[in-house]
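Q: model_19.txt is reproduced in full below (compact mmCIF, C-alpha atoms).
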```txt
# COMPACT_ATOMS: atom_id res chain seq x y z
CA MET Q 14 183.75 68.07 50.79
CA GLN Q 15 180.29 68.17 52.35
CA LEU Q 16 180.92 64.76 53.99
CA ARG Q 17 184.42 65.64 55.13
CA VAL Q 18 183.25 68.85 56.77
CA ARG Q 19 180.31 67.09 58.40
CA ALA Q 20 182.75 64.54 59.83
CA LEU Q 21 184.91 67.37 61.13
CA GLU Q 22 181.98 69.14 62.76
CA THR Q 23 180.75 65.90 64.32
CA VAL Q 24 184.13 65.16 65.88
CA LEU Q 25 184.44 68.69 67.29
CA SER Q 26 180.89 68.60 68.60
CA GLU Q 27 181.22 65.13 70.18
CA LYS Q 28 184.39 66.26 71.90
CA GLY Q 29 182.55 69.26 73.29
CA TYR Q 30 184.77 71.84 71.60
CA ILE Q 31 181.95 73.48 69.64
CA ASP Q 32 178.20 73.99 69.84
CA PRO Q 33 176.58 73.54 66.40
CA ALA Q 34 173.81 75.97 67.41
CA ALA Q 35 176.43 78.72 67.75
CA LEU Q 36 177.76 77.82 64.30
CA ASP Q 37 174.24 78.19 62.88
CA LEU Q 38 174.07 81.76 64.19
CA ILE Q 39 177.44 82.72 62.70
CA VAL Q 40 176.44 81.40 59.27
CA GLU Q 41 173.08 83.15 59.49
CA ALA Q 42 174.72 86.47 60.39
CA TYR Q 43 176.99 86.35 57.34
CA GLU Q 44 174.13 85.30 55.09
CA THR Q 45 171.69 87.93 56.24
CA ARG Q 46 173.20 90.86 58.15
CA VAL Q 47 176.91 91.41 57.54
CA GLY Q 48 177.40 92.95 54.15
CA PRO Q 49 178.55 96.04 52.26
CA GLN Q 50 175.48 97.99 53.38
CA ASN Q 51 177.35 98.58 56.65
CA GLY Q 52 180.25 100.28 54.88
CA ALA Q 53 177.89 102.08 52.50
CA ARG Q 54 176.11 103.81 55.37
CA VAL Q 55 179.45 104.99 56.75
CA VAL Q 56 180.50 106.36 53.37
CA ALA Q 57 177.20 108.17 52.81
CA LYS Q 58 177.40 109.69 56.28
CA ALA Q 59 180.94 110.91 55.55
CA TRP Q 60 179.76 112.48 52.28
CA THR Q 61 177.13 114.52 54.11
CA ASP Q 62 178.80 115.29 57.44
CA PRO Q 63 182.28 116.89 57.26
CA GLU Q 64 182.76 116.65 61.01
CA PHE Q 65 182.12 112.88 60.89
CA LYS Q 66 184.35 112.51 57.85
CA GLY Q 67 187.20 114.17 59.71
CA ARG Q 68 186.81 111.77 62.61
CA LEU Q 69 186.47 108.80 60.25
CA LEU Q 70 189.75 109.56 58.51
CA ALA Q 71 191.49 110.19 61.84
CA ASP Q 72 190.27 107.01 63.60
CA GLY Q 73 188.00 104.74 61.57
CA THR Q 74 187.10 102.39 64.39
CA ALA Q 75 186.14 105.13 66.85
CA ALA Q 76 184.08 107.02 64.27
CA VAL Q 77 182.16 103.93 63.11
CA ARG Q 78 181.50 102.86 66.69
CA SER Q 79 180.02 106.28 67.40
CA LEU Q 80 177.24 105.42 64.93
CA GLY Q 81 176.10 102.67 67.30
CA TYR Q 82 175.67 99.81 64.84
CA GLU Q 83 174.35 96.55 66.23
CA ASN Q 84 177.42 94.76 64.90
CA ARG Q 85 180.38 96.47 66.53
CA VAL Q 86 183.38 97.14 64.30
CA GLY Q 87 186.74 95.78 65.37
CA ASP Q 88 189.86 97.75 66.16
CA HIS Q 89 192.38 99.10 63.67
CA LEU Q 90 190.00 100.18 60.88
CA VAL Q 91 191.77 102.72 58.66
CA VAL Q 92 189.68 104.70 56.16
CA VAL Q 93 191.53 106.13 53.16
CA GLU Q 94 190.03 108.83 50.98
CA ASN Q 95 189.96 108.85 47.20
CA THR Q 96 190.48 112.26 45.63
CA GLN Q 97 191.02 113.64 42.13
CA ARG Q 98 194.74 113.18 42.79
CA VAL Q 99 194.94 109.77 44.51
CA HIS Q 100 193.04 106.53 43.95
CA ASN Q 101 193.31 104.01 46.78
CA MET Q 102 192.95 100.27 46.32
CA VAL Q 103 193.09 97.50 48.95
CA VAL Q 104 194.53 93.99 48.65
CA CYS Q 105 195.84 91.24 50.87
CA THR Q 106 198.63 89.53 48.94
CA LEU Q 107 199.29 86.97 51.70
CA CYS Q 108 195.75 85.73 52.43
CA SER Q 109 192.36 87.48 52.48
CA CYS Q 110 192.42 90.31 55.05
CA TYR Q 111 189.39 92.50 54.43
CA PRO Q 112 187.14 94.72 56.58
CA TRP Q 113 184.47 92.04 57.09
CA GLU Q 114 182.35 94.01 59.53
CA MET Q 115 182.06 96.81 56.97
CA LEU Q 116 181.82 94.83 53.72
CA GLY Q 117 180.75 91.28 54.58
CA LEU Q 118 182.69 88.27 53.35
CA PRO Q 119 185.30 88.99 50.70
CA PRO Q 120 184.25 87.94 47.18
CA VAL Q 121 186.09 85.06 45.50
CA TRP Q 122 188.02 87.41 43.19
CA TYR Q 123 189.49 89.30 46.17
CA LYS Q 124 190.92 86.02 47.51
CA SER Q 125 192.03 84.79 44.09
CA ALA Q 126 195.59 84.43 42.81
CA PRO Q 127 195.10 86.86 39.88
CA TYR Q 128 194.05 89.73 42.17
CA ARG Q 129 196.52 89.00 44.97
CA SER Q 130 199.47 88.65 42.60
CA ARG Q 131 198.77 91.59 40.29
CA ALA Q 132 197.23 94.30 42.49
CA VAL Q 133 200.62 95.39 43.84
CA LYS Q 134 202.50 95.20 40.54
CA ASP Q 135 199.98 96.14 37.88
CA PRO Q 136 197.11 97.94 39.61
CA ARG Q 137 196.13 99.78 36.43
CA GLY Q 138 195.83 96.47 34.63
CA VAL Q 139 193.70 95.06 37.44
CA LEU Q 140 191.47 98.14 37.32
CA ARG Q 141 191.02 97.58 33.59
CA ASP Q 142 189.74 94.08 34.41
CA PHE Q 143 187.04 95.94 36.35
CA GLY Q 144 186.37 98.25 33.40
CA ILE Q 145 188.13 101.21 34.99
CA ASP Q 146 190.65 103.33 33.14
CA LEU Q 147 192.12 105.99 35.42
CA PRO Q 148 193.89 109.04 33.98
CA GLN Q 149 197.68 108.63 33.85
CA THR Q 150 197.92 111.67 36.11
CA THR Q 151 196.12 109.93 38.97
CA GLU Q 152 198.40 108.44 41.61
CA ILE Q 153 197.45 104.89 42.55
CA ARG Q 154 198.06 103.91 46.14
CA VAL Q 155 197.77 100.19 46.85
CA TRP Q 156 197.34 99.14 50.48
CA ASP Q 157 198.55 95.59 51.10
CA SER Q 158 196.85 94.44 54.33
CA THR Q 159 199.72 92.48 55.82
CA ALA Q 160 198.80 92.95 59.51
CA GLU Q 161 195.61 93.29 61.57
CA THR Q 162 194.86 96.77 60.32
CA ARG Q 163 191.90 96.80 57.95
CA TYR Q 164 191.43 99.31 55.14
CA LEU Q 165 188.24 100.81 53.78
CA VAL Q 166 188.25 103.17 50.81
CA LEU Q 167 186.14 106.32 51.04
CA PRO Q 168 185.19 106.82 47.38
CA MET Q 169 184.52 110.24 45.86
CA ARG Q 170 180.91 111.36 45.99
CA PRO Q 171 179.36 111.14 42.54
CA SER Q 172 178.44 114.40 40.88
CA GLY Q 173 174.78 115.34 40.62
CA THR Q 174 173.94 114.03 44.09
CA ALA Q 175 173.81 117.35 45.96
CA GLY Q 176 170.17 117.08 46.95
CA LEU Q 177 170.15 113.42 47.99
CA ALA Q 178 169.52 112.22 51.55
CA VAL Q 179 171.85 109.83 53.37
CA ASP Q 180 169.64 106.80 52.59
CA GLU Q 181 169.60 107.63 48.88
CA LEU Q 182 173.36 108.14 48.87
CA THR Q 183 173.86 104.83 50.70
CA ALA Q 184 172.21 103.04 47.78
CA LEU Q 185 174.84 104.46 45.43
CA VAL Q 186 177.82 103.08 47.35
CA THR Q 187 179.00 99.76 45.90
CA ARG Q 188 181.16 97.16 47.60
CA ASP Q 189 183.86 97.51 44.97
CA SER Q 190 183.98 101.29 45.41
CA MET Q 191 185.00 100.68 49.04
CA ILE Q 192 187.79 98.27 47.96
CA GLY Q 193 188.99 100.66 45.27
CA THR Q 194 188.14 98.46 42.30
CA GLY Q 195 185.00 100.37 41.39
CA PHE Q 196 183.14 103.65 41.66
CA PRO Q 197 179.84 104.49 43.32
CA LYS Q 198 176.81 104.33 41.05
CA SER Q 199 175.80 107.59 39.45
CA ALA Q 200 172.60 109.26 40.63
CA GLU Q 201 170.91 108.57 37.29
CA ARG Q 202 171.61 104.83 37.29
CA ALA Q 203 170.47 104.19 40.86
CA MET J 16 206.20 79.01 56.19
CA THR J 17 207.78 82.04 54.73
CA ASN J 18 208.57 81.60 51.04
CA SER J 19 205.60 79.49 50.07
CA ILE J 20 202.97 79.94 47.40
CA HIS J 21 200.64 82.08 49.54
CA ASP J 22 203.09 84.99 49.17
CA MET J 23 201.77 85.98 45.74
CA GLY J 24 202.44 89.69 45.43
CA GLY J 25 204.12 90.45 42.10
CA MET J 26 203.83 86.98 40.54
CA ASP J 27 202.86 86.77 36.87
CA GLY J 28 200.79 84.25 35.00
CA PHE J 29 197.60 83.91 37.03
CA GLY J 30 195.58 85.74 34.43
CA LYS J 31 192.67 88.12 34.55
CA VAL J 32 190.61 88.92 37.64
CA GLU J 33 187.26 87.23 37.11
CA VAL J 34 184.29 88.78 38.90
CA GLU J 35 181.22 86.67 39.66
CA PRO J 36 178.09 88.81 39.43
CA ASN J 37 175.73 88.56 42.41
CA GLU J 38 178.03 86.26 44.28
CA PRO J 39 176.37 84.55 47.29
CA PRO J 40 178.07 84.65 50.73
CA PHE J 41 178.71 80.90 50.48
CA HIS J 42 178.64 78.72 47.36
CA GLN J 43 178.11 75.49 49.33
CA ALA J 44 176.57 74.97 52.76
CA TRP J 45 179.77 73.38 54.08
CA GLU J 46 181.73 76.58 53.47
CA GLY J 47 179.74 78.41 56.11
CA ARG J 48 180.26 75.56 58.57
CA VAL J 49 184.03 75.74 58.01
CA LEU J 50 184.11 79.48 58.58
CA ALA J 51 182.01 79.12 61.74
CA MET J 52 184.18 76.25 63.07
CA GLN J 53 187.28 78.39 62.62
CA ARG J 54 185.61 81.17 64.60
CA ALA J 55 184.43 78.81 67.34
CA MET J 56 187.81 77.14 67.74
CA GLY J 57 189.53 80.52 67.85
CA TYR J 58 187.13 81.64 70.58
CA ALA J 59 187.86 78.41 72.46
CA GLY J 60 191.57 79.25 72.42
CA ALA J 61 192.53 76.16 70.40
CA TRP J 62 194.75 78.29 68.17
CA ASN J 63 195.19 81.91 67.11
CA ILE J 64 194.71 83.64 63.76
CA ASP J 65 198.40 83.40 62.89
CA MET J 66 198.39 79.65 63.55
CA SER J 67 195.40 79.27 61.23
CA ARG J 68 197.25 81.21 58.50
CA ALA J 69 200.47 79.27 59.09
CA ALA J 70 198.63 75.95 58.72
CA GLN J 71 197.39 76.95 55.27
CA GLU J 72 200.84 78.15 54.25
CA LEU J 73 202.16 74.65 54.94
CA LEU J 74 199.99 73.20 52.18
CA PRO J 75 202.02 72.11 49.14
CA PRO J 76 201.79 74.74 46.38
CA GLN J 77 199.91 72.43 44.03
CA VAL J 78 197.28 71.84 46.73
CA TYR J 79 197.10 75.49 47.79
CA LEU J 80 196.41 76.57 44.20
CA SER J 81 193.99 73.84 43.25
CA VAL J 82 191.55 73.82 46.18
CA SER J 83 188.91 76.40 46.99
CA TYR J 84 189.35 79.05 49.66
CA TYR J 85 187.22 77.36 52.30
CA LYS J 86 188.73 73.96 51.56
CA ARG J 87 192.08 75.52 52.44
CA TRP J 88 190.54 76.64 55.70
CA ALA J 89 189.19 73.13 56.38
CA LEU J 90 192.59 71.57 55.67
CA GLY J 91 194.15 74.13 58.00
CA ILE J 92 191.67 73.30 60.77
CA GLU J 93 192.42 69.58 60.38
CA HIS J 94 196.15 70.29 60.51
CA ASN J 95 195.84 72.33 63.69
CA LEU J 96 193.57 69.78 65.38
CA LEU J 97 196.18 67.09 64.82
CA LYS J 98 199.07 69.36 65.75
CA GLN J 99 197.44 70.46 69.02
CA GLY J 100 196.39 66.90 69.86
CA LEU J 101 192.72 67.91 69.90
CA ALA J 102 191.71 65.04 67.59
CA ASN J 103 193.47 62.22 65.79
CA ALA J 104 193.49 61.22 62.14
CA GLY J 105 191.31 58.17 62.75
CA GLU J 106 188.62 60.32 64.30
CA LEU J 107 188.63 62.79 61.41
CA ALA J 108 188.40 59.92 58.91
CA ALA J 109 185.62 58.15 60.81
CA GLY J 110 183.70 61.28 61.70
CA HIS J 111 183.38 60.28 65.34
CA ALA J 112 185.25 61.07 68.53
CA VAL J 113 186.84 58.08 70.22
CA SER J 114 189.64 59.60 72.30
CA PRO J 115 188.99 61.88 75.25
CA ALA J 116 188.76 65.62 74.60
CA LYS J 117 191.50 67.99 75.67
CA PRO J 118 190.30 70.86 77.85
CA LEU J 119 189.98 74.19 76.06
CA ARG J 120 189.75 77.63 77.63
CA ARG J 121 186.06 78.19 76.86
CA LYS J 122 183.29 77.21 74.48
CA LEU J 123 181.37 79.35 72.03
CA THR J 124 177.68 79.09 72.92
CA PRO J 125 174.84 80.82 71.02
CA ASP J 126 174.63 83.65 73.57
CA LYS J 127 178.30 84.51 72.96
CA VAL J 128 178.23 84.61 69.14
CA ALA J 129 178.22 88.43 69.00
CA ALA J 130 181.74 88.30 70.45
CA VAL J 131 183.14 86.52 67.41
CA MET J 132 181.35 88.73 64.89
CA THR J 133 183.72 91.55 65.80
CA ARG J 134 187.44 91.17 65.29
CA GLY J 135 189.48 91.19 68.43
CA SER J 136 191.99 93.88 69.25
CA TYR J 137 195.63 93.24 68.43
CA GLY J 138 196.90 96.48 69.98
CA ARG J 139 199.04 96.03 73.09
CA PRO J 140 200.84 98.30 75.60
CA GLU J 141 204.12 99.67 74.33
CA PRO J 142 207.17 97.86 75.71
CA ALA J 143 209.56 100.52 74.34
CA PRO J 144 209.43 103.77 72.35
CA ALA J 145 208.97 103.50 68.57
CA ARG J 146 212.20 103.43 66.61
CA PHE J 147 210.73 105.14 63.56
CA LYS J 148 208.46 108.11 62.88
CA PRO J 149 206.46 109.20 59.84
CA GLY J 150 208.76 110.34 57.03
CA ASP J 151 211.69 108.15 58.05
CA ARG J 152 213.33 106.18 55.25
CA VAL J 153 213.68 102.51 56.13
CA ARG J 154 214.71 99.30 54.42
CA ALA J 155 212.65 96.11 54.67
CA LYS J 156 215.08 93.46 55.85
CA ASN J 157 216.10 90.70 53.51
CA ILE J 158 214.98 87.90 55.81
CA HIS J 159 213.69 84.42 55.01
CA PRO J 160 212.36 82.90 58.22
CA LYS J 161 211.54 79.19 58.10
CA THR J 162 208.36 79.88 60.04
CA HIS J 163 205.36 82.20 59.54
CA THR J 164 206.00 85.85 58.73
CA ARG J 165 203.92 88.70 57.38
CA LEU J 166 206.73 90.38 55.49
CA PRO J 167 206.00 89.70 51.81
CA ARG J 168 208.88 88.76 49.56
CA TYR J 169 208.31 91.58 47.10
CA VAL J 170 209.42 94.28 49.56
CA ARG J 171 212.42 92.53 51.11
CA GLY J 172 215.57 94.58 50.66
CA ARG J 173 213.55 97.54 49.33
CA VAL J 174 213.57 101.07 50.70
CA GLY J 175 210.37 102.83 51.70
CA THR J 176 209.02 105.64 53.84
CA VAL J 177 207.19 105.40 57.13
CA ASP J 178 203.65 106.64 56.46
CA LEU J 179 201.59 105.66 59.53
CA VAL J 180 202.44 104.43 63.02
CA HIS J 181 199.75 102.09 64.38
CA GLY J 182 201.04 101.46 67.90
CA CYS J 183 202.21 98.09 69.22
CA HIS J 184 200.51 94.96 67.95
CA VAL J 185 200.73 91.21 68.53
CA PHE J 186 203.74 89.98 66.51
CA PRO J 187 202.52 87.27 64.09
CA ASP J 188 205.96 85.68 63.69
CA ALA J 189 205.96 84.84 67.40
CA ALA J 190 202.25 84.12 67.89
CA ALA J 191 202.18 81.64 64.99
CA ILE J 192 204.72 79.38 66.64
CA GLY J 193 203.36 79.56 70.17
CA GLN J 194 205.96 82.00 71.44
CA GLY J 195 203.44 84.42 72.90
CA GLU J 196 202.36 87.83 71.68
CA ASN J 197 205.75 89.59 71.81
CA PRO J 198 204.16 92.97 70.86
CA GLN J 199 206.02 95.09 68.33
CA TRP J 200 205.52 98.53 66.79
CA LEU J 201 203.52 98.38 63.60
CA TYR J 202 204.01 100.84 60.73
CA THR J 203 202.60 101.43 57.29
CA ILE J 204 205.58 101.63 54.96
CA VAL J 205 205.02 103.07 51.50
CA PHE J 206 207.21 102.12 48.54
CA ASP J 207 207.54 103.75 45.16
CA GLY J 208 206.43 101.36 42.42
CA ARG J 209 209.80 101.74 40.69
CA GLU J 210 211.67 100.76 43.86
CA LEU J 211 209.72 97.49 43.85
CA TRP J 212 209.36 96.72 40.15
CA GLY J 213 212.22 98.49 38.45
CA ALA J 214 212.88 101.72 36.60
CA ASP J 215 210.39 100.87 33.85
CA ALA J 216 207.49 100.49 36.26
CA ASP J 217 204.51 102.85 36.35
CA PRO J 218 205.76 106.01 38.14
CA THR J 219 202.27 106.82 39.43
CA VAL J 220 202.01 103.68 41.59
CA LYS J 221 202.78 103.54 45.29
CA VAL J 222 202.39 100.38 47.34
CA SER J 223 202.28 100.11 51.12
CA ILE J 224 202.51 97.21 53.50
CA ASP J 225 202.00 97.09 57.25
CA ALA J 226 205.34 96.12 58.73
CA PHE J 227 206.37 95.22 62.26
CA GLU J 228 209.49 96.92 63.60
CA PRO J 229 211.65 93.75 63.50
CA TYR J 230 211.07 93.67 59.71
CA LEU J 231 212.75 97.06 59.26
CA GLU J 232 216.22 98.51 59.43
CA THR J 233 217.57 102.04 59.40
CA LEU J 234 219.29 103.05 56.19
CA LYS J 235 223.03 102.95 56.68
CA GLN J 236 223.57 105.95 54.40
CA PRO J 237 221.10 108.57 53.32
CA LEU J 238 219.92 108.03 49.75
```
Could you spell out this file's structure in structure tokens?

A:
Amino acid sequence: MQLRVRALETVLSEKGYIDPAALDLIVEAYETRVGPQNGARVVAKAWTDPEFKGRLLADGTAAVRSLGYENRVGDHLVVVENTQRVHNMVVCTLCSCYPWEMLGLPPVWYKSAPYRSRAVKDPRGVLRDFGIDLPQTTEIRVWDSTAETRYLVLPMRPSGTAGLAVDELTALVTRDSMIGTGFPKSAERA
Amino acid sequence: MTNSIHDMGGMDGFGKVEVEPNEPPFHQAWEGRVLAMQRAMGYAGAWNIDMSRAAQELLPPQVYLSVSYYKRWALGIEHNLLKQGLANAGELAAGHAVSPAKPLRRKLTPDKVAAVMTRGSYGRPEPAPARFKPGDRVRAKNIHPKTHTRLPRYVRGRVGTVDLVHGCHVFPDAAAIGQGENPQWLYTIVFDGRELWGADADPTVKVSIDAFEPYLETLKQPL
């Protein structure tokens, strides 16, 4: 595949359609800067600032942009809140739609046939694959990202974190907790 | 293509979800180049996001399932290059350009990369008032277009409730086949798990999709 892709890039470059130096910068950004730490900071801020949390749930894009990140978030970000009553989980059954600016590139499992096929039909079974067993009383809401809206889960704040600062809370927020296939780390394990 | 293998929601038999610990952004260097080429060609106006999805959906099921994610992207890029007349098969095989280039709208240069690191906006002015409002009961149409659609099979013919109204967005079914943006109202429609998967299904599960207005119809009779 390496050779085939090099051939492709050479053709596009020789034709003047692309500039390989621009490609270098895109790859570098995904390898070094765009990752779940972006979403984690948003979650930690929402845990500590009720006014921000209200705005985040009302209009995810506007609220995240107000934080002034270097990498601007795109339109149509919808943040959904996990509670004792409802557990949210995000999938894209048709391809791989995912809030890249918030979480980085989607992991292989998110794009895989097992996750895409089962998340909408057997979400409890999928959660068990992640070691999660939710109480039968918890409603599970699965969001299938079939358009250009992008969903980010706001996980519940772990107990025992009352005194922690935003930076310390950020370190507890895992990628999977923002997809709905995991929980934030507990304060003791961090 | 509508009813092809990419539309996986509800299929059985693919097994357990396998998580790779400490997964790197890219497993091979070429994967990053493929992703970046897709971005650069999108910026250039060679094709839109729905055309790139449609190209992958045309892959035969046995190919779609057996190649890696970024190989699917590469095959989709090759398909669209040929389809748009931007390169020919001989050039792709040889790895060199021999025919003249076709003019594209613009070119992604290093100073413009920030523009492609943020997703574009798909919201558009409203051509007409929304037909549905939150709380309305609607049925997903039982349609099987021959071309690209974003209405998954598992909801077709099923009844759900309008949860969110997102405004008017570019309509993928039109954009994928070069028929312009044709903006349509976009809704989140939530379905009870038992409506989708039968009376024996888990009663605590609700599943939503984002559906464009042409995918939906009013219920003829109240339930």

Q: Could you tell me which residues of chain Q sit within 7 Å of chain J when counting all atoms listed in the file, and give me the result as JSON, numbers by chain?

A: {"Q": [15, 18, 20, 21, 23, 24, 27, 28, 30, 31, 32, 34, 35, 36, 38, 39, 40, 43, 44, 85, 86, 87, 88, 106, 107, 108, 114, 118, 122, 126, 127, 128, 129, 130, 131, 133, 134, 139, 142, 151, 152, 153, 154, 155, 156, 157, 158, 159, 160, 161]}

Q: With a distance cut-off of 9 Å and all atoms listed in the file, select the neighbouring residues of Tyr111 of chain Q, excluding the residue or stretch itself and same-chain residues fewer than 5 positions from it, and output the selection as an MDAnalysis selection string.

A: chainID Q and resid 103:105 116:119 123 158 163:165 192

Q: Show which residues sit within 10 Å of Thr174 of chain Q, as a VMD selection string. Count only C-alpha atoms, and ignore same-chain residues fewer than 6 positions away.

A: chain Q and resid 181 to 182 185 199 to 201

Q: Would you mind telling me which residue in J:Arg87, J:Arg139, J:Arg152, J:Lys235 lies nearest to Val177 of chain J when using all atoms listed in the file?

A: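 Using all atoms listed in the file, Val177 of chain J sits closest to J:Arg152.
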
Q: Give me, please, the distance in Å between atom CA of Leu74 of chain J and atom CA of Asp135 of chain Q, quoted to one decimal.

A: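 These atoms are spaced 27.0 Å apart.
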
Q: Just to confirm, what's the straight-line distance from atom CA of Asp62 of chain Q to atom CA of Gly81 of chain Q in Å (one decimal)?

A: 16.2 Å

Q: Have a look at Q:Val55, Q:Leu177, Q:Leu69, Q:Leu167 and name the one nearest to Gly193 of chain Q; count only C-alpha atoms.

A: Q:Leu167

Q: What does the structure give for the distance between atom CA of Pro136 of chain Q and atom CA of Pro120 of chain Q, in Å to one decimal?

A: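 Atom-to-atom, atom CA of Pro136 of chain Q to atom CA of Pro120 of chain Q, that is 18.0 Å.
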
Q: When you count only C-alpha atoms, which of these residues is closest to Asp178 of chain J: J:Phe147, J:His159, J:Glu196, J:Ala191?

A: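 Smallest separation from Asp178 of chain J among the options: J:Phe147.
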
Q: Using all atoms listed in the file, which residue out of Q:Asn101, Q:Thr61, Q:Ser172, Q:Ser26 lies closest to Arg137 of chain Q?

A: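 Checking each of Q:Asn101, Q:Thr61, Q:Ser172, Q:Ser26 against Arg137 of chain Q, counting all atoms listed in the file, the winner is Q:Asn101.
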
Q: Rank Q:Val77, Q:Val179, Q:Leu16, Q:Cys110 by their smallest atom-to-atom distance to Trp60 of chain Q, using all atoms listed in the file, and report the top residue only.

A: Q:Val179
